[in-house]
$ cat structure00.cif   # mmCIF, C-alpha atoms
data_entry
#
loop_
_atom_site.group_PDB
_atom_site.id
_atom_site.type_symbol
_atom_site.label_atom_id
_atom_site.label_comp_id
_atom_site.auth_asym_id
_atom_site.auth_seq_id
_atom_site.Cartn_x
_atom_site.Cartn_y
_atom_site.Cartn_z
ATOM 1 C CA MET A 59 105.689 110.710 105.725
ATOM 2 C CA ARG A 60 107.175 107.441 104.618
ATOM 3 C CA LEU A 61 110.207 105.308 105.084
ATOM 4 C CA THR A 62 111.713 104.174 101.795
ATOM 5 C CA THR A 63 111.088 100.774 100.257
ATOM 6 C CA PHE A 64 114.811 100.255 100.797
ATOM 7 C CA THR A 65 114.348 100.354 104.583
ATOM 8 C CA ASP A 66 111.241 98.169 104.363
ATOM 9 C CA TYR A 67 113.184 95.540 102.405
ATOM 10 C CA ALA A 68 116.205 95.801 104.699
ATOM 11 C CA LEU A 69 114.006 94.887 107.651
ATOM 12 C CA ARG A 70 112.484 91.997 105.722
ATOM 13 C CA VAL A 71 115.920 90.677 104.769
ATOM 14 C CA LEU A 72 117.122 90.784 108.369
ATOM 15 C CA ILE A 73 113.946 89.122 109.655
ATOM 16 C CA PHE A 74 114.296 86.393 107.034
ATOM 17 C CA ALA A 75 117.946 85.754 107.861
ATOM 18 C CA ALA A 76 117.151 85.681 111.584
ATOM 19 C CA ALA A 77 114.348 83.167 111.040
ATOM 20 C CA HIS A 78 116.681 80.841 109.146
ATOM 21 C CA ASP A 79 119.752 81.131 111.340
ATOM 22 C CA ASP A 80 120.459 77.400 111.111
ATOM 23 C CA ARG A 81 121.654 77.830 107.523
ATOM 24 C CA GLN A 82 122.721 80.344 104.893
ATOM 25 C CA VAL A 83 120.048 82.113 102.866
ATOM 26 C CA THR A 84 120.259 83.528 99.352
ATOM 27 C CA ILE A 85 119.184 86.732 97.655
ATOM 28 C CA THR A 86 117.106 84.758 95.149
ATOM 29 C CA GLU A 87 115.288 82.945 97.927
ATOM 30 C CA ILE A 88 114.547 86.191 99.798
ATOM 31 C CA ALA A 89 113.343 87.948 96.633
ATOM 32 C CA GLN A 90 111.124 85.021 95.662
ATOM 33 C CA THR A 91 109.707 84.524 99.135
ATOM 34 C CA TYR A 92 108.600 88.145 99.457
ATOM 35 C CA GLY A 93 107.827 88.519 95.740
ATOM 36 C CA ILE A 94 110.089 91.552 95.407
ATOM 37 C CA SER A 95 112.796 92.626 92.976
ATOM 38 C CA HIS A 96 116.034 90.628 93.001
ATOM 39 C CA GLY A 97 118.060 93.730 92.100
ATOM 40 C CA HIS A 98 116.562 95.696 94.942
ATOM 41 C CA VAL A 99 117.276 92.940 97.455
ATOM 42 C CA MET A 100 120.844 92.737 96.171
ATOM 43 C CA LYS A 101 121.441 96.433 96.878
ATOM 44 C CA VAL A 102 119.913 96.092 100.319
ATOM 45 C CA VAL A 103 122.096 93.072 101.085
ATOM 46 C CA GLN A 104 125.186 94.950 99.921
ATOM 47 C CA LEU A 105 124.557 97.787 102.342
ATOM 48 C CA LEU A 106 123.667 95.472 105.222
ATOM 49 C CA ALA A 107 126.825 93.437 104.584
ATOM 50 C CA ASN A 108 128.969 96.582 104.472
ATOM 51 C CA ALA A 109 127.486 97.606 107.800
ATOM 52 C CA GLY A 110 128.277 94.186 109.286
ATOM 53 C CA TYR A 111 124.651 93.179 109.795
ATOM 54 C CA LEU A 112 125.014 90.392 107.232
ATOM 55 C CA LYS A 113 127.953 88.167 106.441
ATOM 56 C CA ALA A 114 128.200 86.998 102.847
ATOM 57 C CA THR A 115 130.073 83.899 101.747
ATOM 58 C CA ARG A 116 130.841 83.470 98.077
ATOM 59 C CA GLY A 117 130.811 80.295 96.004
ATOM 60 C CA ARG A 118 128.553 77.337 95.357
ATOM 61 C CA SER A 119 127.829 76.698 99.020
ATOM 62 C CA GLY A 120 127.825 80.415 99.785
ATOM 63 C CA GLY A 121 125.047 82.637 100.998
ATOM 64 C CA LEU A 122 124.117 85.047 103.721
ATOM 65 C CA LYS A 123 123.975 84.837 107.473
ATOM 66 C CA LEU A 124 123.460 87.448 110.144
ATOM 67 C CA GLY A 125 126.754 89.181 110.866
ATOM 68 C CA ALA A 126 125.847 89.971 114.462
ATOM 69 C CA LEU A 127 123.562 88.654 117.168
ATOM 70 C CA PRO A 128 119.931 89.755 116.683
ATOM 71 C CA GLU A 129 120.041 91.628 120.001
ATOM 72 C CA ASP A 130 123.022 93.612 118.702
ATOM 73 C CA ILE A 131 121.265 94.743 115.530
ATOM 74 C CA ASN A 132 119.537 97.903 116.705
ATOM 75 C CA LEU A 133 116.448 99.012 114.830
ATOM 76 C CA GLY A 134 117.244 102.732 115.085
ATOM 77 C CA ASP A 135 120.762 102.148 113.757
ATOM 78 C CA VAL A 136 119.440 100.137 110.822
ATOM 79 C CA VAL A 137 116.971 102.861 109.859
ATOM 80 C CA ARG A 138 119.648 105.564 110.186
ATOM 81 C CA ILE A 139 121.781 103.810 107.562
ATOM 82 C CA THR A 140 119.076 102.509 105.222
ATOM 83 C CA GLU A 141 117.219 105.810 104.835
ATOM 84 C CA PRO A 142 118.944 107.919 102.186
ATOM 85 C CA ASP A 143 118.089 111.078 104.103
ATOM 86 C CA PHE A 144 115.924 112.573 106.822
ATOM 87 C CA ARG A 145 115.116 115.736 104.967
ATOM 88 C CA LEU A 146 111.923 116.648 106.763
ATOM 89 C CA THR A 147 111.768 120.109 105.175
ATOM 90 C CA GLU A 148 113.820 121.923 102.551
ATOM 91 C CA CYS A 149 116.148 123.485 105.113
ATOM 92 C CA PHE A 150 117.240 120.033 106.360
ATOM 93 C CA GLY A 151 119.463 119.336 103.437
ATOM 94 C CA PRO A 152 121.000 120.859 100.383
ATOM 95 C CA PRO A 153 119.829 122.445 98.265
ATOM 96 C CA ASN A 154 118.000 124.895 100.502
ATOM 97 C CA GLY A 155 116.588 128.112 99.133
ATOM 98 C CA CYS A 156 114.098 128.946 101.872
ATOM 99 C CA LEU A 157 114.174 132.671 102.568
ATOM 100 C CA ILE A 158 113.578 132.437 106.301
ATOM 101 C CA SER A 159 115.952 129.555 107.107
ATOM 102 C CA ARG A 160 118.096 131.676 109.349
ATOM 103 C CA TYR A 161 115.230 132.743 111.584
ATOM 104 C CA CYS A 162 112.725 129.946 111.223
ATOM 105 C CA LYS A 163 111.614 128.106 114.354
ATOM 106 C CA VAL A 164 110.290 124.999 112.586
ATOM 107 C CA PRO A 165 113.565 122.994 112.707
ATOM 108 C CA GLY A 166 113.537 122.865 116.515
ATOM 109 C CA PRO A 167 110.290 120.900 116.844
ATOM 110 C CA LEU A 168 111.055 118.831 113.729
ATOM 111 C CA ASN A 169 114.483 117.788 114.980
ATOM 112 C CA GLU A 170 112.950 116.982 118.340
ATOM 113 C CA ALA A 171 110.235 114.896 116.656
ATOM 114 C CA LEU A 172 112.801 113.096 114.507
ATOM 115 C CA GLY A 173 114.839 112.414 117.622
ATOM 116 C CA ALA A 174 111.766 110.969 119.333
ATOM 117 C CA PHE A 175 111.089 108.765 116.298
ATOM 118 C CA LEU A 176 114.622 107.366 116.180
ATOM 119 C CA SER A 177 114.962 107.085 119.961
ATOM 120 C CA THR A 178 111.857 104.925 119.997
ATOM 121 C CA LEU A 179 113.385 102.615 117.422
ATOM 122 C CA ASP A 180 116.645 102.618 119.410
ATOM 123 C CA GLY A 181 114.677 100.762 122.071
ATOM 124 C CA TYR A 182 114.271 97.742 119.797
ATOM 125 C CA SER A 183 116.576 95.234 118.170
ATOM 126 C CA LEU A 184 116.166 92.495 115.591
ATOM 127 C CA ALA A 185 115.631 90.126 118.518
ATOM 128 C CA ASP A 186 112.294 91.886 119.133
ATOM 129 C CA LEU A 187 111.226 91.362 115.527
ATOM 130 C CA MET A 188 111.976 87.671 115.159
ATOM 131 C CA ILE A 189 109.373 85.264 113.849
ATOM 132 C CA ASP A 190 109.888 81.593 113.113
ATOM 133 C CA ASP A 191 110.522 80.136 109.686
ATOM 134 C CA THR A 192 107.031 78.629 109.317
ATOM 135 C CA LYS A 193 105.657 82.162 108.866
ATOM 136 C CA PHE A 194 107.288 82.498 105.451
ATOM 137 C CA ARG A 195 105.336 79.740 103.794
ATOM 138 C CA GLY A 196 103.200 81.454 101.270
ATOM 139 C CA PRO A 197 101.809 82.501 99.029
ATOM 140 C CA ALA A 198 100.935 86.097 99.885
ATOM 141 C CA LYS A 199 97.242 86.791 99.576
ATOM 142 C CA PRO A 200 96.148 89.832 97.566
ATOM 143 C CA ASP A 201 94.513 91.512 100.556
ATOM 144 C CA GLN A 202 96.977 91.344 103.367
ATOM 145 C CA ILE A 203 96.030 92.801 106.706
ATOM 146 C CA LEU A 204 97.010 96.457 107.266
ATOM 147 C CA ARG A 205 99.091 97.256 110.328
ATOM 148 C CA GLY A 206 99.211 101.040 110.515
ATOM 149 C CA PRO A 207 99.515 103.948 110.752
ATOM 150 C CA ILE A 208 98.119 104.808 114.160
ATOM 151 C CA LEU A 209 97.609 108.561 114.155
ATOM 152 C CA ASP A 210 95.617 109.214 117.310
ATOM 153 C CA PRO A 211 96.908 112.131 119.353
ATOM 154 C CA ALA A 212 98.759 110.922 122.437
ATOM 155 C CA MET B 20 112.291 109.794 105.675
ATOM 156 C CA ARG B 21 110.797 113.033 104.550
ATOM 157 C CA LEU B 22 107.772 115.182 105.027
ATOM 158 C CA THR B 23 106.216 116.277 101.749
ATOM 159 C CA THR B 24 106.829 119.656 100.151
ATOM 160 C CA PHE B 25 103.118 120.186 100.739
ATOM 161 C CA THR B 26 103.628 120.134 104.515
ATOM 162 C CA ASP B 27 106.735 122.315 104.223
ATOM 163 C CA TYR B 28 104.768 124.916 102.255
ATOM 164 C CA ALA B 29 101.776 124.694 104.598
ATOM 165 C CA LEU B 30 104.011 125.643 107.503
ATOM 166 C CA ARG B 31 105.506 128.521 105.514
ATOM 167 C CA VAL B 32 102.061 129.826 104.591
ATOM 168 C CA LEU B 33 100.903 129.764 108.203
ATOM 169 C CA ILE B 34 104.108 131.437 109.424
ATOM 170 C CA PHE B 35 103.716 134.130 106.761
ATOM 171 C CA ALA B 36 100.076 134.795 107.630
ATOM 172 C CA ALA B 37 100.935 134.917 111.329
ATOM 173 C CA ALA B 38 103.742 137.424 110.709
ATOM 174 C CA HIS B 39 101.363 139.713 108.818
ATOM 175 C CA ASP B 40 98.335 139.454 111.046
ATOM 176 C CA ASP B 41 97.631 143.193 110.788
ATOM 177 C CA ARG B 42 96.387 142.701 107.214
ATOM 178 C CA GLN B 43 95.283 140.164 104.642
ATOM 179 C CA VAL B 44 97.915 138.357 102.600
ATOM 180 C CA THR B 45 97.665 136.881 99.112
ATOM 181 C CA ILE B 46 98.715 133.648 97.454
ATOM 182 C CA THR B 47 100.770 135.589 94.892
ATOM 183 C CA GLU B 48 102.628 137.449 97.621
ATOM 184 C CA ILE B 49 103.384 134.231 99.528
ATOM 185 C CA ALA B 50 104.563 132.424 96.386
ATOM 186 C CA GLN B 51 106.763 135.335 95.339
ATOM 187 C CA THR B 52 108.226 135.876 98.791
ATOM 188 C CA TYR B 53 109.329 132.271 99.145
ATOM 189 C CA GLY B 54 110.067 131.834 95.436
ATOM 190 C CA ILE B 55 107.793 128.805 95.184
ATOM 191 C CA SER B 56 105.055 127.685 92.800
ATOM 192 C CA HIS B 57 101.813 129.689 92.814
ATOM 193 C CA GLY B 58 99.784 126.589 91.990
ATOM 194 C CA HIS B 59 101.298 124.650 94.834
ATOM 195 C CA VAL B 60 100.619 127.451 97.326
ATOM 196 C CA MET B 61 97.036 127.628 96.061
ATOM 197 C CA LYS B 62 96.456 123.956 96.839
ATOM 198 C CA VAL B 63 98.029 124.338 100.250
ATOM 199 C CA VAL B 64 95.834 127.370 101.005
ATOM 200 C CA GLN B 65 92.742 125.469 99.907
ATOM 201 C CA LEU B 66 93.405 122.663 102.365
ATOM 202 C CA LEU B 67 94.328 125.032 105.199
ATOM 203 C CA ALA B 68 91.167 127.058 104.569
ATOM 204 C CA ASN B 69 89.023 123.914 104.528
ATOM 205 C CA ALA B 70 90.545 122.937 107.848
ATOM 206 C CA GLY B 71 89.771 126.378 109.296
ATOM 207 C CA TYR B 72 93.402 127.386 109.744
ATOM 208 C CA LEU B 73 93.008 130.138 107.148
ATOM 209 C CA LYS B 74 90.071 132.371 106.354
ATOM 210 C CA ALA B 75 89.795 133.473 102.745
ATOM 211 C CA THR B 76 87.893 136.563 101.614
ATOM 212 C CA ARG B 77 87.047 136.925 97.937
ATOM 213 C CA GLY B 78 87.080 140.062 95.826
ATOM 214 C CA ARG B 79 89.342 143.024 95.114
ATOM 215 C CA SER B 80 90.085 143.718 98.752
ATOM 216 C CA GLY B 81 90.123 140.026 99.570
ATOM 217 C CA GLY B 82 92.905 137.815 100.805
ATOM 218 C CA LEU B 83 93.856 135.447 103.539
ATOM 219 C CA LYS B 84 94.053 135.704 107.291
ATOM 220 C CA LEU B 85 94.595 133.123 109.985
ATOM 221 C CA GLY B 86 91.311 131.405 110.785
ATOM 222 C CA ALA B 87 92.279 130.670 114.381
ATOM 223 C CA LEU B 88 94.592 132.011 117.043
ATOM 224 C CA PRO B 89 98.219 130.908 116.524
ATOM 225 C CA GLU B 90 98.158 129.079 119.858
ATOM 226 C CA ASP B 91 95.153 127.081 118.643
ATOM 227 C CA ILE B 92 96.869 125.902 115.470
ATOM 228 C CA ASN B 93 98.606 122.770 116.660
ATOM 229 C CA LEU B 94 101.670 121.624 114.760
ATOM 230 C CA GLY B 95 100.878 117.920 115.080
ATOM 231 C CA ASP B 96 97.337 118.470 113.799
ATOM 232 C CA VAL B 97 98.616 120.438 110.816
ATOM 233 C CA VAL B 98 101.083 117.695 109.860
ATOM 234 C CA ARG B 99 98.406 115.008 110.267
ATOM 235 C CA ILE B 100 96.231 116.725 107.646
ATOM 236 C CA THR B 101 98.911 117.976 105.252
ATOM 237 C CA GLU B 102 100.775 114.675 104.881
ATOM 238 C CA PRO B 103 99.008 112.529 102.284
ATOM 239 C CA ASP B 104 99.870 109.392 104.245
ATOM 240 C CA PHE B 105 102.082 107.939 106.953
ATOM 241 C CA ARG B 106 102.857 104.748 105.127
ATOM 242 C CA LEU B 107 106.074 103.861 106.884
ATOM 243 C CA THR B 108 106.209 100.386 105.352
ATOM 244 C CA GLU B 109 104.131 98.533 102.779
ATOM 245 C CA CYS B 110 101.826 97.009 105.395
ATOM 246 C CA PHE B 111 100.762 100.473 106.609
ATOM 247 C CA GLY B 112 98.493 101.135 103.700
ATOM 248 C CA PRO B 113 96.922 99.543 100.689
ATOM 249 C CA PRO B 114 98.080 97.933 98.584
ATOM 250 C CA ASN B 115 99.922 95.524 100.834
ATOM 251 C CA GLY B 116 101.314 92.287 99.491
ATOM 252 C CA CYS B 117 103.853 91.500 102.186
ATOM 253 C CA LEU B 118 103.787 87.798 102.944
ATOM 254 C CA ILE B 119 104.442 88.071 106.668
ATOM 255 C CA SER B 120 102.077 90.964 107.474
ATOM 256 C CA ARG B 121 99.957 88.858 109.772
ATOM 257 C CA TYR B 122 102.847 87.833 111.985
ATOM 258 C CA CYS B 123 105.353 90.629 111.538
ATOM 259 C CA LYS B 124 106.492 92.516 114.638
ATOM 260 C CA VAL B 125 107.786 95.608 112.810
ATOM 261 C CA PRO B 126 104.519 97.606 112.941
ATOM 262 C CA GLY B 127 104.593 97.790 116.750
ATOM 263 C CA PRO B 128 107.852 99.769 117.001
ATOM 264 C CA LEU B 129 107.027 101.787 113.879
ATOM 265 C CA ASN B 130 103.626 102.841 115.175
ATOM 266 C CA GLU B 131 105.212 103.701 118.500
ATOM 267 C CA ALA B 132 107.893 105.771 116.736
ATOM 268 C CA LEU B 133 105.291 107.524 114.594
ATOM 269 C CA GLY B 134 103.309 108.259 117.740
ATOM 270 C CA ALA B 135 106.408 109.740 119.379
ATOM 271 C CA PHE B 136 107.037 111.886 116.302
ATOM 272 C CA LEU B 137 103.501 113.283 116.208
ATOM 273 C CA SER B 138 103.221 113.622 119.990
ATOM 274 C CA THR B 139 106.323 115.782 119.957
ATOM 275 C CA LEU B 140 104.753 118.060 117.363
ATOM 276 C CA ASP B 141 101.533 118.082 119.403
ATOM 277 C CA GLY B 142 103.523 119.987 122.004
ATOM 278 C CA TYR B 143 103.913 122.960 119.679
ATOM 279 C CA SER B 144 101.583 125.457 118.050
ATOM 280 C CA LEU B 145 101.963 128.149 115.431
ATOM 281 C CA ALA B 146 102.542 130.565 118.319
ATOM 282 C CA ASP B 147 105.889 128.816 118.915
ATOM 283 C CA LEU B 148 106.904 129.281 115.288
ATOM 284 C CA MET B 149 106.149 132.962 114.873
ATOM 285 C CA ILE B 150 108.744 135.353 113.495
ATOM 286 C CA ASP B 151 108.246 139.009 112.706
ATOM 287 C CA ASP B 152 107.546 140.429 109.259
ATOM 288 C CA THR B 153 111.030 141.923 108.826
ATOM 289 C CA LYS B 154 112.423 138.387 108.406
ATOM 290 C CA PHE B 155 110.746 138.033 105.019
ATOM 291 C CA ARG B 156 112.642 140.865 103.337
ATOM 292 C CA GLY B 157 115.427 140.396 100.917
ATOM 293 C CA PRO B 158 116.084 137.771 98.318
ATOM 294 C CA ALA B 159 116.975 134.270 99.378
ATOM 295 C CA LYS B 160 120.659 133.591 99.037
ATOM 296 C CA PRO B 161 121.715 130.516 97.100
ATOM 297 C CA ASP B 162 123.408 128.919 100.082
ATOM 298 C CA GLN B 163 120.991 129.107 102.922
ATOM 299 C CA ILE B 164 121.993 127.698 106.274
ATOM 300 C CA LEU B 165 121.016 124.060 106.917
ATOM 301 C CA ARG B 166 118.976 123.301 110.012
ATOM 302 C CA GLY B 167 118.888 119.521 110.269
ATOM 303 C CA PRO B 168 118.559 116.619 110.539
ATOM 304 C CA ILE B 169 119.987 115.805 113.953
ATOM 305 C CA LEU B 170 120.494 112.045 113.989
ATOM 306 C CA ASP B 171 122.512 111.413 117.129
ATOM 307 C CA PRO B 172 121.247 108.543 119.249
ATOM 308 C CA ALA B 173 119.456 109.787 122.357
#
$ encode --input "structure00.cif" --output "structure tokens"
Amino acid sequence: MRLTTFTDYALRVLIFAAAHDDRQVTITEIAQTYGISHGHVMKVVQLLANAGYLKATRGRSGGLKLGALPEDINLGDVVRITEPDFRLTECFGPPNGCLISRYCKVPGPLNEALGAFLSTLDGYSLADLMIDDTKFRGPAKPDQILRGPILDPA
Amino acid sequence: MRLTTFTDYALRVLIFAAAHDDRQVTITEIAQTYGISHGHVMKVVQLLANAGYLKATRGRSGGLKLGALPEDINLGDVVRITEPDFRLTECFGPPNGCLISRYCKVPGPLNEALGAFLSTLDGYSLADLMIDDTKFRGPAKPDQILRGPILDPA
């Protein structure tokens, strides 16, 4: 089970913009800082701007700023729009050819689990994820610390 | 966000074996019933047998049976072993090159959300997913009903 790289990058973009809220940031700067693809960041920025989470200004002195207060950028909402789908099993989204779809009892627990996942994220906003701008001074080391997953039964 | 086809098929195999608990079932029969790849089902069966969820008997009269009572086959446990990883973001598993890993506050909410997802599934067992053997008759129709995802905020 994974989130897409798209969601990962969307969170990084928002965290970067939040850390530099005294000025506009650029796609090139974000891509270079994280060492990730410029094209990918551009697509992420486009979606975040369409959703109102970023505000883009064109021109020589243009750039990106947060389009809302960090406390109004809800983590669950961001993930709902950045993930292309939540197709946990075949019957969650077309095409679906599973013979037992009509009778199967798997979707109940899976929808409940998905709801629990998203509800948890709904409890957080970008304000909870903020770090200061000094944390972006690099470079990234080859062996960065791992931060998950935690799979222990509750 | 998706579960793998491997997990999807693992659940189908267990549901099929549970529905036919008066006899042994075969990989060929499972693959044909669901219209899915024989090779894929074989790999799924191998893992489920290694985990003790299925018991395989070799030979002409051989086949597969559940290796435990349905109520002892926990849904969360199954998903924990059938998913190859739970790498929600880059920093969840090697390789990780994200510059801000050491300071980033994203893993907290993500681990909590993953925990909520798996804890929900921990509340269910194969006994909750059982359907009777009549539900496996008849060819799958091209447009099967969709069963998810449910994305409403809680």
$ resolve_selection --input "structure00.cif" --expression "the PyMOL selection byres ((chain B) within 7 of (chain A))" --output "PDB file with C-alpha atoms, in the coordinates of the input"
ATOM      1  CA  MET B  20     112.291 109.794 105.675  1.00  0.00           C
ATOM      2  CA  ARG B  21     110.797 113.033 104.550  1.00  0.00           C
ATOM      3  CA  LEU B  22     107.772 115.182 105.027  1.00  0.00           C
ATOM      4  CA  THR B  23     106.216 116.277 101.749  1.00  0.00           C
ATOM      5  CA  ASP B  27     106.735 122.315 104.223  1.00  0.00           C
ATOM      6  CA  TYR B  53     109.329 132.271  99.145  1.00  0.00           C
ATOM      7  CA  GLU B 102     100.775 114.675 104.881  1.00  0.00           C
ATOM      8  CA  ASP B 104      99.870 109.392 104.245  1.00  0.00           C
ATOM      9  CA  PHE B 105     102.082 107.939 106.953  1.00  0.00           C
ATOM     10  CA  ARG B 106     102.857 104.748 105.127  1.00  0.00           C
ATOM     11  CA  LEU B 107     106.074 103.861 106.884  1.00  0.00           C
ATOM     12  CA  THR B 108     106.209 100.386 105.352  1.00  0.00           C
ATOM     13  CA  CYS B 110     101.826  97.009 105.395  1.00  0.00           C
ATOM     14  CA  PHE B 111     100.762 100.473 106.609  1.00  0.00           C
ATOM     15  CA  GLY B 112      98.493 101.135 103.700  1.00  0.00           C
ATOM     16  CA  ASN B 115      99.922  95.524 100.834  1.00  0.00           C
ATOM     17  CA  GLY B 116     101.314  92.287  99.491  1.00  0.00           C
ATOM     18  CA  CYS B 117     103.853  91.500 102.186  1.00  0.00           C
ATOM     19  CA  LEU B 118     103.787  87.798 102.944  1.00  0.00           C
ATOM     20  CA  ILE B 119     104.442  88.071 106.668  1.00  0.00           C
ATOM     21  CA  SER B 120     102.077  90.964 107.474  1.00  0.00           C
ATOM     22  CA  ARG B 121      99.957  88.858 109.772  1.00  0.00           C
ATOM     23  CA  LYS B 124     106.492  92.516 114.638  1.00  0.00           C
ATOM     24  CA  VAL B 125     107.786  95.608 112.810  1.00  0.00           C
ATOM     25  CA  PRO B 126     104.519  97.606 112.941  1.00  0.00           C
ATOM     26  CA  PRO B 128     107.852  99.769 117.001  1.00  0.00           C
ATOM     27  CA  ASN B 130     103.626 102.841 115.175  1.00  0.00           C
ATOM     28  CA  GLU B 131     105.212 103.701 118.500  1.00  0.00           C
ATOM     29  CA  ALA B 132     107.893 105.771 116.736  1.00  0.00           C
ATOM     30  CA  LEU B 133     105.291 107.524 114.594  1.00  0.00           C
ATOM     31  CA  GLY B 134     103.309 108.259 117.740  1.00  0.00           C
ATOM     32  CA  ALA B 135     106.408 109.740 119.379  1.00  0.00           C
ATOM     33  CA  PHE B 136     107.037 111.886 116.302  1.00  0.00           C
ATOM     34  CA  LEU B 137     103.501 113.283 116.208  1.00  0.00           C
ATOM     35  CA  SER B 138     103.221 113.622 119.990  1.00  0.00           C
ATOM     36  CA  THR B 139     106.323 115.782 119.957  1.00  0.00           C
ATOM     37  CA  LEU B 140     104.753 118.060 117.363  1.00  0.00           C
ATOM     38  CA  LEU B 148     106.904 129.281 115.288  1.00  0.00           C
ATOM     39  CA  LYS B 154     112.423 138.387 108.406  1.00  0.00           C
ATOM     40  CA  PHE B 155     110.746 138.033 105.019  1.00  0.00           C
ATOM     41  CA  PRO B 158     116.084 137.771  98.318  1.00  0.00           C
ATOM     42  CA  ALA B 159     116.975 134.270  99.378  1.00  0.00           C
ATOM     43  CA  LYS B 160     120.659 133.591  99.037  1.00  0.00           C
ATOM     44  CA  PRO B 161     121.715 130.516  97.100  1.00  0.00           C
ATOM     45  CA  ASP B 162     123.408 128.919 100.082  1.00  0.00           C
ATOM     46  CA  GLN B 163     120.991 129.107 102.922  1.00  0.00           C
ATOM     47  CA  ILE B 164     121.993 127.698 106.274  1.00  0.00           C
ATOM     48  CA  LEU B 165     121.016 124.060 106.917  1.00  0.00           C
ATOM     49  CA  ARG B 166     118.976 123.301 110.012  1.00  0.00           C
ATOM     50  CA  GLY B 167     118.888 119.521 110.269  1.00  0.00           C
ATOM     51  CA  PRO B 168     118.559 116.619 110.539  1.00  0.00           C
ATOM     52  CA  ILE B 169     119.987 115.805 113.953  1.00  0.00           C
ATOM     53  CA  LEU B 170     120.494 112.045 113.989  1.00  0.00           C
ATOM     54  CA  PRO B 172     121.247 108.543 119.249  1.00  0.00           C
ATOM     55  CA  ALA B 173     119.456 109.787 122.357  1.00  0.00           C
TER      56      ALA B 173
END
$ residues_around --input "structure00.cif" --residues "Leu105 in chain A" --least-positions-apart "3" --cutoff "12 Å" --atoms "all atoms listed in the file" --output "list in words"
Phe64, Thr65, Tyr67, Ala68, Val71, Leu72, His98, Val99, Met100, Lys101, Val102, Asn108, Ala109, Gly110, Tyr111, Leu112, Lys113, Ala114, Val136, Val137, Ile139, Thr140, Glu141 and Pro142 of chain A
$ axis_aligned_box --input "structure00.cif" --around "range 84-87 of chain B" --padding-each-side "8 Å" --output "lines of an AutoDock Vina configuration file"
center_x = 93.0
center_y = 133.2
center_z = 110.8
size_x = 19.3
size_y = 21.0
size_z = 23.1
$ resolve_selection --input "structure00.cif" --expression "the PyMOL selection byres ((chain B and resi 91) around 9)" --output "ChimeraX atom specification"
/B:87-90,92-93,144-146
$ atom_distance --input "structure00.cif" --atom1 "CA of Ala50 in chain B" --atom2 "CA of Gly86 in chain B"
19.6 Å
$ atom_distance --input "structure00.cif" --atom1 "CA of Ser56 in chain B" --atom2 "CA of Asp40 in chain B"
22.7 Å
$ atom_distance --input "structure00.cif" --atom1 "CA of Val83 in chain A" --atom2 "CA of Thr192 in chain A"
14.9 Å
